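File shown: model.cif (mmCIF, C-alpha atoms).
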data_data
#
loop_
_atom_site.label_atom_id
_atom_site.label_comp_id
_atom_site.auth_asym_id
_atom_site.auth_seq_id
_atom_site.Cartn_x
_atom_site.Cartn_y
_atom_site.Cartn_z
CA MET A 1460 73.63 79.92 38.12
CA ASP A 1461 71.13 82.42 36.87
CA ILE A 1462 71.02 83.84 33.44
CA SER A 1463 68.69 86.77 33.29
CA VAL A 1464 67.51 88.13 30.00
CA THR A 1465 66.58 91.72 30.53
CA GLY A 1466 65.94 94.81 28.52
CA PRO A 1467 68.19 97.86 28.68
CA LYS A 1468 69.14 99.06 32.11
CA ILE A 1469 67.33 102.19 33.27
CA TYR A 1470 69.88 104.68 34.57
CA PHE A 1471 67.47 107.29 35.84
CA GLU A 1472 64.14 108.83 35.11
CA ILE A 1473 63.48 112.47 34.35
CA PRO A 1474 60.25 113.28 36.09
CA LEU A 1475 58.69 115.03 33.12
CA PHE A 1476 55.75 114.07 30.92
CA GLY A 1477 55.05 111.09 33.11
CA GLY A 1478 58.66 109.98 33.34
CA ILE A 1479 61.35 110.03 30.64
CA LYS A 1480 63.44 106.93 31.20
CA ILE A 1481 67.12 107.34 30.37
CA THR A 1482 68.25 103.84 29.52
CA GLN A 1483 71.31 102.10 28.14
CA THR A 1484 69.71 102.43 24.72
CA THR A 1485 69.49 106.21 25.05
CA VAL A 1486 73.17 106.41 25.91
CA SER A 1487 74.09 104.02 23.10
CA LEU A 1488 72.07 106.01 20.57
CA LEU A 1489 73.91 109.15 21.59
CA ALA A 1490 77.26 107.36 21.46
CA VAL A 1491 76.54 106.07 17.95
CA THR A 1492 75.53 109.52 16.78
CA VAL A 1493 78.63 111.17 18.23
CA LEU A 1494 80.88 108.40 16.92
CA LEU A 1495 79.52 108.56 13.39
CA ILE A 1496 79.65 112.35 13.27
CA VAL A 1497 83.23 112.40 14.53
CA ALA A 1498 84.23 109.66 12.09
CA ALA A 1499 82.54 111.48 9.22
CA TYR A 1500 84.25 114.71 10.22
CA PHE A 1501 87.72 113.19 10.28
CA LEU A 1502 87.22 111.15 7.12
CA THR A 1503 86.00 114.05 5.05
CA ARG A 1504 88.21 116.75 6.52
CA ASN A 1505 90.79 116.70 3.75
CA LEU A 1506 88.88 115.75 0.64
CA SER A 1507 90.93 116.28 -2.47
CA LYS A 1508 90.85 115.37 -6.13
CA ARG A 1509 93.87 113.15 -5.53
CA PRO A 1510 92.55 110.96 -2.74
CA GLY A 1511 94.55 109.49 0.10
CA ARG A 1512 94.06 105.92 1.27
CA ALA A 1513 91.18 106.69 3.63
CA GLN A 1514 89.43 108.82 1.05
CA VAL A 1515 89.61 106.04 -1.53
CA ILE A 1516 87.83 103.68 0.86
CA VAL A 1517 85.22 106.25 1.84
CA GLU A 1518 84.61 107.09 -1.81
CA LYS A 1519 84.33 103.41 -2.67
CA LEU A 1520 81.73 102.90 0.05
CA ILE A 1521 79.73 105.96 -0.94
CA THR A 1522 79.85 104.86 -4.57
CA MET A 1523 78.60 101.43 -3.55
CA LEU A 1524 75.76 103.05 -1.62
CA TYR A 1525 74.74 105.23 -4.54
CA ASN A 1526 74.97 102.30 -6.95
CA LEU A 1527 72.85 100.15 -4.65
CA VAL A 1528 70.23 102.88 -4.33
CA GLU A 1529 70.26 103.43 -8.08
CA ASP A 1530 69.89 99.71 -8.80
CA THR A 1531 67.11 99.21 -6.27
CA MET A 1532 65.17 102.46 -6.52
CA GLY A 1533 66.11 103.88 -9.90
CA LYS A 1534 68.03 106.96 -10.93
CA HIS A 1535 65.18 109.34 -10.08
CA ASN A 1536 65.27 108.23 -6.42
CA LEU A 1537 68.96 108.96 -5.78
CA VAL A 1538 67.84 111.74 -3.45
CA PHE A 1539 67.07 109.05 -0.87
CA ALA A 1540 70.64 107.75 -0.85
CA PRO A 1541 71.79 109.87 2.13
CA TYR A 1542 68.86 108.66 4.23
CA ILE A 1543 69.48 105.03 3.31
CA GLY A 1544 73.17 105.49 4.10
CA THR A 1545 72.33 107.07 7.45
CA LEU A 1546 69.92 104.26 8.27
CA PHE A 1547 72.47 101.61 7.32
CA LEU A 1548 75.25 103.25 9.31
CA SER A 1549 72.98 103.78 12.34
CA SER A 1550 71.92 100.17 12.21
CA ILE A 1551 75.33 98.58 11.81
CA ALA A 1552 77.05 100.93 14.23
CA GLY A 1553 74.19 100.43 16.69
CA THR A 1554 74.63 96.68 16.50
CA LEU A 1555 78.43 96.69 16.63
CA ILE A 1556 78.61 99.11 19.55
CA GLY A 1557 77.26 96.23 21.64
CA MET A 1558 80.57 94.41 21.10
CA THR A 1559 82.35 97.00 23.22
CA GLN A 1560 80.50 95.64 26.27
CA ILE A 1561 80.36 99.22 27.47
CA PHE A 1562 77.28 100.10 25.48
CA ARG A 1563 74.27 97.95 24.76
CA SER A 1564 73.36 97.44 21.10
CA THR A 1565 70.77 100.03 20.15
CA THR A 1566 69.14 97.56 17.80
CA SER A 1567 68.48 95.06 20.57
CA ASP A 1568 65.87 97.49 21.84
CA LEU A 1569 62.55 97.10 20.02
CA SER A 1570 61.79 100.80 20.49
CA VAL A 1571 64.66 101.75 18.21
CA THR A 1572 63.94 99.35 15.36
CA LEU A 1573 60.24 100.15 15.58
CA ALA A 1574 61.00 103.86 15.40
CA TRP A 1575 63.09 103.31 12.25
CA ALA A 1576 60.47 101.03 10.69
CA LEU A 1577 57.78 103.62 11.34
CA VAL A 1578 59.90 106.25 9.60
CA THR A 1579 59.95 103.96 6.57
CA SER A 1580 56.18 103.50 6.71
CA VAL A 1581 55.50 107.19 7.09
CA MET A 1582 57.81 107.96 4.16
CA VAL A 1583 55.98 105.39 2.06
CA TRP A 1584 52.59 106.82 2.94
CA TYR A 1585 53.75 110.38 2.40
CA HIS A 1586 55.22 109.66 -1.03
CA THR A 1587 52.28 107.55 -2.13
CA ILE A 1588 49.88 110.37 -1.29
CA LYS A 1589 52.21 112.94 -2.84
CA ASN A 1590 52.71 111.02 -6.07
CA PHE A 1591 49.34 109.36 -6.57
CA GLY A 1592 46.96 111.45 -4.47
CA PHE A 1593 45.09 110.73 -1.28
CA LYS A 1594 42.20 109.02 -3.08
CA ALA A 1595 44.49 106.66 -4.95
CA TRP A 1596 46.20 105.78 -1.67
CA LEU A 1597 42.89 104.90 -0.02
CA LYS A 1598 41.77 103.10 -3.16
CA GLY A 1599 44.93 101.03 -3.03
CA PHE A 1600 43.56 99.26 0.04
CA THR A 1601 40.56 97.93 -1.88
CA GLU A 1602 42.68 96.29 -4.55
CA PRO A 1603 42.54 93.85 -6.18
CA ILE A 1604 39.02 93.36 -4.82
CA VAL A 1605 37.06 95.12 -2.09
CA VAL A 1606 36.95 91.98 0.06
CA MET A 1607 40.70 92.23 0.48
CA THR A 1608 40.48 95.58 2.32
CA PRO A 1609 40.88 94.25 5.89
CA MET A 1610 43.80 92.13 4.84
CA ASN A 1611 45.43 95.05 3.08
CA ILE A 1612 45.07 97.17 6.19
CA VAL A 1613 46.56 94.39 8.33
CA SER A 1614 49.48 93.98 5.95
CA GLU A 1615 50.07 97.72 5.96
CA ILE A 1616 50.25 97.70 9.77
CA ALA A 1617 52.24 94.47 9.83
CA GLN A 1618 54.89 95.88 7.54
CA PRO A 1619 56.69 98.13 10.05
CA ILE A 1620 56.08 95.66 12.87
CA SER A 1621 57.65 92.81 10.93
CA MET A 1622 60.60 94.99 9.93
CA ALA A 1623 61.11 96.11 13.51
CA PHE A 1624 60.86 92.62 14.96
CA ARG A 1625 63.09 91.09 12.33
CA HIS A 1626 65.93 93.45 13.10
CA PHE A 1627 65.35 93.47 16.85
CA GLY A 1628 64.94 89.69 16.98
CA ASN A 1629 68.15 88.96 15.15
CA VAL A 1630 70.31 91.21 17.28
CA ALA A 1631 68.58 90.53 20.61
CA GLY A 1632 68.44 86.81 19.86
CA GLY A 1633 72.14 86.87 19.15
CA SER A 1634 72.86 88.54 22.47
CA VAL A 1635 70.62 86.06 24.31
CA LEU A 1636 72.39 83.17 22.64
CA THR A 1637 75.75 84.66 23.50
CA ALA A 1638 74.66 85.06 27.14
CA LEU A 1639 73.43 81.46 27.19
CA ILE A 1640 76.68 80.18 25.78
CA TYR A 1641 78.72 82.17 28.28
CA GLY A 1642 76.58 80.62 31.02
CA ALA A 1643 76.97 77.17 29.53
CA LEU A 1644 80.73 77.52 29.29
CA ALA A 1645 80.91 78.68 32.90
CA ALA A 1646 78.82 75.67 33.89
CA LEU A 1647 81.14 73.43 31.87
CA THR A 1648 84.17 74.80 33.70
CA SER A 1649 82.68 74.21 37.14
CA PHE A 1650 81.48 70.77 36.05
CA LEU A 1651 84.92 69.67 34.80
CA PHE A 1652 86.62 70.83 37.98
CA SER A 1653 83.93 69.52 40.35
CA TRP A 1654 86.25 66.75 41.56
CA LEU A 1655 88.47 69.38 43.19
CA PRO A 1656 87.75 70.67 46.67
CA GLU A 1657 84.98 73.21 46.52
CA ALA A 1658 87.15 76.12 47.61
CA VAL A 1659 89.69 75.41 44.82
CA ALA A 1660 87.04 74.85 42.16
CA ALA A 1661 85.38 78.15 42.96
CA ALA A 1662 88.69 79.97 42.50
CA ILE A 1663 89.19 78.66 38.92
CA PRO A 1664 87.99 81.21 36.42
CA PRO A 1665 85.58 80.06 33.69
CA ILE A 1666 88.46 79.41 31.27
CA PHE A 1667 86.29 77.96 28.51
CA GLN A 1668 84.77 81.38 28.08
CA VAL A 1669 88.03 82.40 26.40
CA GLY A 1670 88.07 81.97 22.64
CA ILE A 1671 84.92 80.10 21.79
CA PRO A 1672 82.50 83.05 22.10
CA ALA A 1673 84.73 85.07 19.78
CA PHE A 1674 83.77 82.87 16.84
CA LEU A 1675 80.10 83.14 17.75
CA SER A 1676 80.51 86.87 17.95
CA ILE A 1677 81.82 86.95 14.38
CA TYR A 1678 78.53 85.43 13.29
CA PHE A 1679 76.05 87.08 15.66
CA ASP A 1680 77.53 90.54 15.78
CA LEU A 1681 79.51 91.12 12.60
CA PHE A 1682 77.71 88.94 10.07
CA SER A 1683 74.19 89.17 11.46
CA GLY A 1684 74.59 92.87 12.19
CA PHE A 1685 75.69 93.52 8.63
CA VAL A 1686 72.97 91.38 7.10
CA GLN A 1687 70.23 92.93 9.22
CA ALA A 1688 71.39 96.46 8.44
CA LEU A 1689 71.41 95.55 4.76
CA VAL A 1690 68.00 93.88 4.92
CA PHE A 1691 66.47 96.80 6.78
CA SER A 1692 67.92 99.30 4.30
CA LEU A 1693 66.93 97.19 1.31
CA LEU A 1694 63.35 96.80 2.53
CA THR A 1695 63.15 100.54 3.14
CA MET A 1696 64.46 101.16 -0.38
CA VAL A 1697 62.03 98.73 -1.96
CA TYR A 1698 59.00 100.12 -0.11
CA ILE A 1699 59.87 103.73 -0.86
CA ALA A 1700 60.71 102.92 -4.46
CA GLY A 1701 57.25 101.40 -4.78
CA ALA A 1702 55.79 104.73 -3.73
CA CYS A 1703 58.08 106.69 -6.08
CA PRO A 1704 57.94 105.18 -9.57
CA PRO A 1705 59.80 106.88 -12.42
CA PRO A 1706 58.22 110.21 -13.45
CA ALA A 1707 56.88 108.87 -16.77
CA GLU A 1708 55.08 105.99 -15.07
CA ARG A 1709 53.72 108.24 -12.35
CA ARG A 1710 51.83 110.41 -14.83
CA GLU A 1711 50.30 107.40 -16.52
CA GLU A 1712 49.04 105.87 -13.32
CA SER A 1713 47.56 109.06 -11.92
CA LYS A 1714 45.39 109.49 -15.01
CA MET B 1321 71.12 101.07 44.59
CA LEU B 1322 68.63 98.77 42.96
CA GLU B 1323 69.21 98.27 39.26
CA THR B 1324 66.07 98.43 37.23
CA PHE B 1325 65.64 97.10 33.74
CA GLU B 1326 63.15 97.58 31.00
CA ALA B 1327 61.25 94.64 29.57
CA PHE B 1328 63.29 92.59 27.11
CA VAL B 1329 60.63 92.96 24.44
CA GLY B 1330 58.95 96.25 25.00
CA VAL B 1331 58.41 99.63 23.46
CA ASN B 1332 59.34 102.79 25.29
CA PHE B 1333 57.88 105.81 23.60
CA TRP B 1334 60.64 108.10 24.80
CA THR B 1335 63.32 105.79 23.47
CA MET B 1336 61.55 105.94 20.13
CA ILE B 1337 61.66 109.72 20.24
CA PHE B 1338 65.36 109.60 21.06
CA ALA B 1339 65.87 107.20 18.17
CA TRP B 1340 64.05 109.57 15.83
CA CYS B 1341 66.03 112.56 17.03
CA ASN B 1342 69.31 110.73 16.63
CA LEU B 1343 68.32 109.51 13.19
CA LEU B 1344 67.29 112.99 12.15
CA ILE B 1345 70.46 114.60 13.46
CA LEU B 1346 72.61 111.90 11.89
CA TYR B 1347 70.74 112.27 8.61
CA PHE B 1348 71.34 116.00 8.35
CA VAL B 1349 74.89 115.96 9.67
CA LEU B 1350 76.04 112.99 7.62
CA ARG B 1351 74.37 114.34 4.51
CA LYS B 1352 76.16 117.63 4.92
CA LEU B 1353 79.44 116.19 6.16
CA LEU B 1354 79.78 112.85 4.41
CA PHE B 1355 77.43 111.98 1.59
CA LYS B 1356 77.18 115.24 -0.30
CA PRO B 1357 80.84 116.31 -0.24
CA VAL B 1358 82.13 112.85 -1.11
CA LYS B 1359 79.54 112.39 -3.84
CA ASN B 1360 80.34 115.84 -5.22
CA MET B 1361 84.03 115.01 -5.13
CA ILE B 1362 83.46 111.76 -7.02
CA ASP B 1363 81.19 113.45 -9.54
CA SER B 1364 83.49 116.38 -10.13
CA ARG B 1365 86.46 114.09 -10.57
CA GLN B 1366 84.44 111.97 -12.95
CA LYS B 1367 83.46 115.07 -14.85
CA GLU B 1368 87.06 116.25 -14.98
CA ILE B 1369 88.19 112.90 -16.34
CA ASP B 1370 85.39 112.89 -18.88
CA ASP B 1371 86.31 116.41 -19.95
CA MET B 1372 89.96 115.46 -20.26
CA TYR B 1373 89.09 112.47 -22.38
CA SER B 1374 86.74 114.40 -24.62
CA ASP B 1375 89.32 117.18 -24.95
CA ALA B 1376 92.01 114.68 -25.87
CA GLU B 1377 89.64 113.07 -28.33
CA LYS B 1378 88.90 116.44 -29.87
CA LEU B 1379 92.59 117.31 -30.11
CA ARG B 1380 93.29 113.96 -31.69
CA ALA B 1381 90.54 114.47 -34.25
CA ASP B 1382 91.90 117.97 -34.96
CA SER B 1383 95.42 116.72 -35.41
CA GLU B 1384 94.12 113.97 -37.67
CA VAL B 1385 92.47 116.57 -39.88
CA MET B 1386 95.62 118.67 -39.86
CA LYS B 1387 97.74 115.67 -40.71
CA ALA B 1388 95.51 114.79 -43.64
CA ASP B 1389 95.70 118.42 -44.73
CA TYR B 1390 99.47 118.46 -44.56
CA GLU B 1391 99.76 115.20 -46.37
CA GLU B 1392 97.55 116.49 -49.12
CA LYS B 1393 99.56 119.67 -49.33
CA LEU B 1394 102.78 117.69 -49.35
CA SER B 1395 101.69 115.45 -52.18
CA HIS B 1396 100.45 118.52 -53.96
CA ALA B 1397 103.80 120.18 -53.53
CA GLN B 1398 105.54 117.14 -54.91
CA GLU B 1399 103.32 117.19 -57.94
CA GLU B 1400 103.96 120.87 -58.34
CA SER B 1401 107.70 120.46 -58.12
CA GLU B 1402 107.55 117.68 -60.68
CA GLU B 1403 105.50 119.91 -62.89
CA ILE B 1404 107.99 122.73 -62.50
CA LEU B 1405 110.89 120.42 -63.22
CA LYS B 1406 109.21 119.04 -66.29
CA HIS B 1407 108.44 122.51 -67.47
CA ALA B 1408 112.00 123.62 -66.92
CA VAL B 1409 113.38 120.60 -68.73
CA ARG B 1410 111.10 121.20 -71.67
CA ARG B 1411 112.05 124.85 -71.81
CA ALA B 1412 115.71 123.98 -71.61
CA GLN B 1413 115.28 121.50 -74.45
CA LEU B 1414 113.49 124.11 -76.54
CA ARG B 1415 116.20 126.62 -75.80
CA GLU B 1416 118.86 124.10 -76.66
CA GLU B 1417 117.21 123.38 -79.97
CA GLU B 1418 116.88 127.05 -80.65
CA ILE B 1419 120.51 127.72 -79.85
CA LEU B 1420 121.57 124.83 -82.03
CA ARG B 1421 119.41 126.02 -84.85
CA GLU B 1422 120.76 129.54 -84.52
CA ALA B 1423 124.29 128.25 -84.45
CA ASN B 1424 123.64 126.12 -87.51
CA ASP B 1425 122.09 129.05 -89.27
CA LYS B 1426 125.00 131.26 -88.46
CA ALA B 1427 127.47 128.62 -89.52
CA SER B 1428 125.68 127.99 -92.77
CA ARG B 1429 125.50 131.72 -93.40
CA VAL B 1430 129.21 132.06 -92.77
CA MET B 1431 129.90 129.12 -95.04
CA LYS B 1432 127.74 130.60 -97.75
CA ARG B 1433 129.49 133.91 -97.52
CA ALA B 1434 132.83 132.22 -97.59
CA GLU B 1435 131.78 130.19 -100.60
CA GLU B 1436 130.56 133.36 -102.33
CA GLN B 1437 133.83 135.04 -101.58
CA VAL B 1438 135.71 132.09 -102.87
CA GLU B 1439 133.54 132.12 -105.99
CA MET B 1440 134.18 135.83 -106.46
CA GLU B 1441 137.93 135.40 -105.97
CA LYS B 1442 137.86 132.61 -108.49
CA LYS B 1443 136.03 134.75 -110.97
CA ARG B 1444 138.39 137.59 -110.45
CA ALA B 1445 141.36 135.31 -110.76
CA ILE B 1446 139.93 133.86 -113.94
CA ASN B 1447 139.33 137.34 -115.29
CA GLU B 1448 142.83 138.37 -114.40
CA VAL B 1449 144.22 135.26 -116.02
CA LYS B 1450 142.03 135.94 -119.00
CA ASN B 1451 143.34 139.50 -119.30
CA GLU B 1452 146.89 138.41 -118.93
CA VAL B 1453 146.44 135.61 -121.41
CA SER B 1454 144.90 138.03 -123.87
CA ASP B 1455 147.72 140.51 -123.29
CA MET B 1456 150.21 137.74 -123.73
CA ALA B 1457 148.47 136.54 -126.86
CA ILE B 1458 148.42 140.02 -128.27
CA GLY B 1459 152.09 140.40 -127.53
CA ILE B 1460 152.88 137.03 -129.09
CA ALA B 1461 150.66 137.61 -132.09
CA SER B 1462 152.01 141.09 -132.78
CA ALA B 1463 155.44 139.74 -132.47
CA VAL B 1464 154.60 136.90 -134.86
CA ILE B 1465 152.81 138.78 -137.55
CA GLU B 1466 154.61 141.99 -136.99
CA ARG B 1467 151.59 143.56 -138.14
CA ASP B 1468 150.12 146.06 -135.94
CA ILE B 1469 146.55 145.47 -135.96
CA SER B 1470 144.46 147.56 -133.84
CA ARG B 1471 144.11 146.58 -130.26
CA GLU B 1472 140.34 146.56 -130.42
CA GLU B 1473 140.35 144.11 -133.27
CA HIS B 1474 142.68 141.82 -131.37
CA GLU B 1475 140.65 141.85 -128.30
CA ALA B 1476 137.52 141.07 -130.19
CA LEU B 1477 139.36 138.28 -131.95
CA ILE B 1478 140.60 136.82 -128.68
CA ASP B 1479 137.28 137.13 -126.96
CA GLU B 1480 135.69 135.30 -129.79
CA PHE B 1481 138.38 132.70 -129.63
CA ILE B 1482 137.91 132.20 -125.89
CA ARG B 1483 134.13 132.03 -126.22
CA THR B 1484 134.43 129.38 -128.85
CA MET B 1485 136.86 127.56 -126.64
CA GLY B 1486 134.58 127.90 -123.63
CA ASP B 1487 131.69 126.68 -125.70
CA SER B 1488 133.45 123.68 -127.03
#

Starting from the coordinates I provided, produce the structure as structure tokens.
Amino acid sequence: MDISVTGPKIYFEIPLFGGIKITQTTVSLLAVTVLLIVAAYFLTRNLSKRPGRAQVIVEKLITMLYNLVEDTMGKHNLVFAPYIGTLFLSSIAGTLIGMTQIFRSTTSDLSVTLAWALVTSVMVWYHTIKNFGFKAWLKGFTEPIVVMTPMNIVSEIAQPISMAFRHFGNVAGGSVLTALIYGALAALTSFLFSWLPEAVAAAIPPIFQVGIPAFLSIYFDLFSGFVQALVFSLLTMVYIAGACPPPAERREESK
Amino acid sequence: MLETFEAFVGVNFWTMIFAWCNLLILYFVLRKLLFKPVKNMIDSRQKEIDDMYSDAEKLRADSEVMKADYEEKLSHAQEESEEILKHAVRRAQLREEEILREANDKASRVMKRAEEQVEMEKKRAINEVKNEVSDMAIGIASAVIERDISREEHEALIDEFIRTMGDS
């Protein structure tokens, strides 16, 4: 049997600007956005001082987010918490939506993770220039010694690429592995029943595909999806926090 | 229809733009719909609880002060009442002594007057007896000597006699 590892399916192409491809990823991105907005709307519709069960959970999660941002980035950077939360939710929902088998995981498309990683990089550059000045930003490349400049530039470019590939690789690798295992289990079924007449053997469904992949899915989709979302958000927090030190420190360094 | 796929590892610029748009929309919508309201709710509840606690603390401190005040006043009142009682007792004792003294005085005065009266009565009685005795003596003597000496002489004689008797 053939197991093909492909990218997202292209549904159609809008013949504009040299062809806008509408792919599975596009649809999944839209689905995630709609899903999250609808969920947010229903969860926060009846906020009250005396919370219901759902509100307690939502509040707990939001508190955790704000605490995490405060611990990682400091109290002065709490303004980034909504972005980090959005990124985390986009990432985990984008990964988990692949489990529906209707949509493809958005994060198993390199374009998506690269887009997010570039947002992080641009935010870092913007805040470095804003807080330390353009000269200091350029000067940062020559540190600690001038010889290091090429390497600094490479590491600056590598940063978003490594972030993008890490996230993409984990999710896409998981889906490839899952596909391989499905194929292997189908092969196992046909191998075990090969002593039967060919017509009968072909009619037996690949029964080993029931059950076993579920456990793999717990790891590759739930666990890995959560970890990658967390890693991506944490890295974003750490990089941005590096560009936004506490106000007192900022003044000292710019002198 | 032929299904076409993108490369497994590839970057599609338009997908990136879609990703950015979705991220941007999600960011603004979730911030407005989810993060800010929930965070505000948590903060305002926290603030309310803090206020309640600080209010309660303040009330407690106030009541503590009031309690101390009342206790002081109470102990003060007790002292005062003791003072008043003591004062009253002392005054009553003084008054009692005064009344007793007055009564004693009065009694002694009455006694003295009574004694004086008794003394006077005695004197009068003695005088009366004396007069009678002298009259009797005159009568007896005139009867004895049958000589009528003048009354004045007799009286002088008797007085002298009595005086000598009283002296002896």

request  = Counting only C-alpha atoms, find the residues whose atoms lie at most 8 Å from (77.8, 89.0, 17.8) (file coordinates) and write them out as a ChimeraX atom specification.
outcome  = /A:1555,1558,1630,1633-1634,1637,1675-1684

note = Separating CA of Pro1474 in chain A from CA of Trp1334 in chain B, to the nearest tenth of an Å, is a gap of 12.4 Å

message = Once the PyMOL selection byres ((chain B) within 7 of (chain A)) has been evaluated on this model, what residues remain selected, and can you format them as a list in words?
response =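 Going through the file, the PyMOL selection byres ((chain B) within 7 of (chain A)) ends up selecting Thr1324, Phe1325, Glu1326, Ala1327, Phe1328, Val1329, Gly1330, Val1331, Asn1332, Trp1334, Thr1335, Met1336, Phe1338, Ala1339, Trp1340, Asn1342, Leu1346, Tyr1347, Val1349, Leu1350, Arg1351, Leu1353, Leu1354, Phe1355, Val1358, Met1361 and Arg1365 of chain B.
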
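Take CA of Tyr1373 in chain B and CA of Pro1357 in chain B: the distance between them is 23.9 Å.
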
ask   = Applied to this file, what does the PyMOL selection byres ((chain A and resi 1649) around 10) return in terms of residues, put as a list in words?
value = Ala1643, Leu1644, Ala1645, Ala1646, Leu1647, Thr1648, Phe1650, Leu1651, Phe1652, Ser1653, Trp1654, Leu1655, Glu1657, Ala1660, Ala1661, Ala1662, Ile1663, Pro1664, Pro1665 and Ile1666 of chain A

Restricting it to C-alpha atoms, dump the selection as a PDB file, keeping the file's coordinate frame.
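Here's the written file selection28.pdb:
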ATOM      1  CA  ALA A1643      76.970  77.170  29.530  1.00  0.00           C
ATOM      2  CA  LEU A1644      80.730  77.520  29.290  1.00  0.00           C
ATOM      3  CA  ALA A1645      80.910  78.680  32.900  1.00  0.00           C
ATOM      4  CA  ALA A1646      78.820  75.670  33.890  1.00  0.00           C
ATOM      5  CA  LEU A1647      81.140  73.430  31.870  1.00  0.00           C
ATOM      6  CA  THR A1648      84.170  74.800  33.700  1.00  0.00           C
ATOM      7  CA  PHE A1650      81.480  70.770  36.050  1.00  0.00           C
ATOM      8  CA  LEU A1651      84.920  69.670  34.800  1.00  0.00           C
ATOM      9  CA  PHE A1652      86.620  70.830  37.980  1.00  0.00           C
ATOM     10  CA  SER A1653      83.930  69.520  40.350  1.00  0.00           C
ATOM     11  CA  TRP A1654      86.250  66.750  41.560  1.00  0.00           C
ATOM     12  CA  LEU A1655      88.470  69.380  43.190  1.00  0.00           C
ATOM     13  CA  GLU A1657      84.980  73.210  46.520  1.00  0.00           C
ATOM     14  CA  ALA A1660      87.040  74.850  42.160  1.00  0.00           C
ATOM     15  CA  ALA A1661      85.380  78.150  42.960  1.00  0.00           C
ATOM     16  CA  ALA A1662      88.690  79.970  42.500  1.00  0.00           C
ATOM     17  CA  ILE A1663      89.190  78.660  38.920  1.00  0.00           C
ATOM     18  CA  PRO A1664      87.990  81.210  36.420  1.00  0.00           C
ATOM     19  CA  PRO A1665      85.580  80.060  33.690  1.00  0.00           C
ATOM     20  CA  ILE A1666      88.460  79.410  31.270  1.00  0.00           C
TER      21      ILE A1666
END

key: Atomic separation - CA of Glu1418 in chain B relative to CA of Ser1401 in chain B, Å   =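 Taking CA of Ser1401 in chain B as the start and CA of Glu1418 in chain B as the end point, the length is 25.2 Å.
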
request  = Can you work out which one of A:Ala1623, A:Leu1597, A:Ala1707, A:Met1523 has the shortest atom-to-atom distance to Asn1611 in chain A, counting all atoms listed in the file?
outcome  = A:Leu1597

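When the PyMOL selection byres ((chain A and resi 1584) around 12) is evaluated on the file shown here, the picked residues come out as Leu1577, Val1578, Thr1579, Ser1580, Val1581, Met1582, Val1583, Tyr1585, His1586, Thr1587, Ile1588, Lys1589, Asn1590, Phe1591, Gly1592, Phe1593, Ala1595, Trp1596, Leu1597, Gly1599, Glu1615, Ile1616, Pro1619, Tyr1698, Ile1699, Ala1700, Gly1701, Ala1702 and Cys1703 of chain A.
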
Please produce a file of those selected residues containing C-alpha atoms, as a short mmCIF file (atom, residue, chain, number, x, y, z; two decimals), in the coordinates of the input.
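Now in part-v8.cif:
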data_model
loop_
_atom_site.label_atom_id
_atom_site.label_comp_id
_atom_site.auth_asym_id
_atom_site.auth_seq_id
_atom_site.Cartn_x
_atom_site.Cartn_y
_atom_site.Cartn_z
CA LEU A 1577 57.78 103.62 11.34
CA VAL A 1578 59.90 106.25 9.60
CA THR A 1579 59.95 103.96 6.57
CA SER A 1580 56.18 103.50 6.71
CA VAL A 1581 55.50 107.19 7.09
CA MET A 1582 57.81 107.96 4.16
CA VAL A 1583 55.98 105.39 2.06
CA TYR A 1585 53.75 110.38 2.40
CA HIS A 1586 55.22 109.66 -1.03
CA THR A 1587 52.28 107.55 -2.13
CA ILE A 1588 49.88 110.37 -1.29
CA LYS A 1589 52.21 112.94 -2.84
CA ASN A 1590 52.71 111.02 -6.07
CA PHE A 1591 49.34 109.36 -6.57
CA GLY A 1592 46.96 111.45 -4.47
CA PHE A 1593 45.09 110.73 -1.28
CA ALA A 1595 44.49 106.66 -4.95
CA TRP A 1596 46.20 105.78 -1.67
CA LEU A 1597 42.89 104.90 -0.02
CA GLY A 1599 44.93 101.03 -3.03
CA GLU A 1615 50.07 97.72 5.96
CA ILE A 1616 50.25 97.70 9.77
CA PRO A 1619 56.69 98.13 10.05
CA TYR A 1698 59.00 100.12 -0.11
CA ILE A 1699 59.87 103.73 -0.86
CA ALA A 1700 60.71 102.92 -4.46
CA GLY A 1701 57.25 101.40 -4.78
CA ALA A 1702 55.79 104.73 -3.73
CA CYS A 1703 58.08 106.69 -6.08
#

Size and centre in Å, one decimal, axis-aligned box, all listed range 1368-1383 of chain B atoms plus 3 Å per side, as AutoDock Vina command-line options:
--center_x 90.4 --center_y 115.2 --center_z -25.2 --size_x 16.0 --size_y 11.5 --size_z 26.4
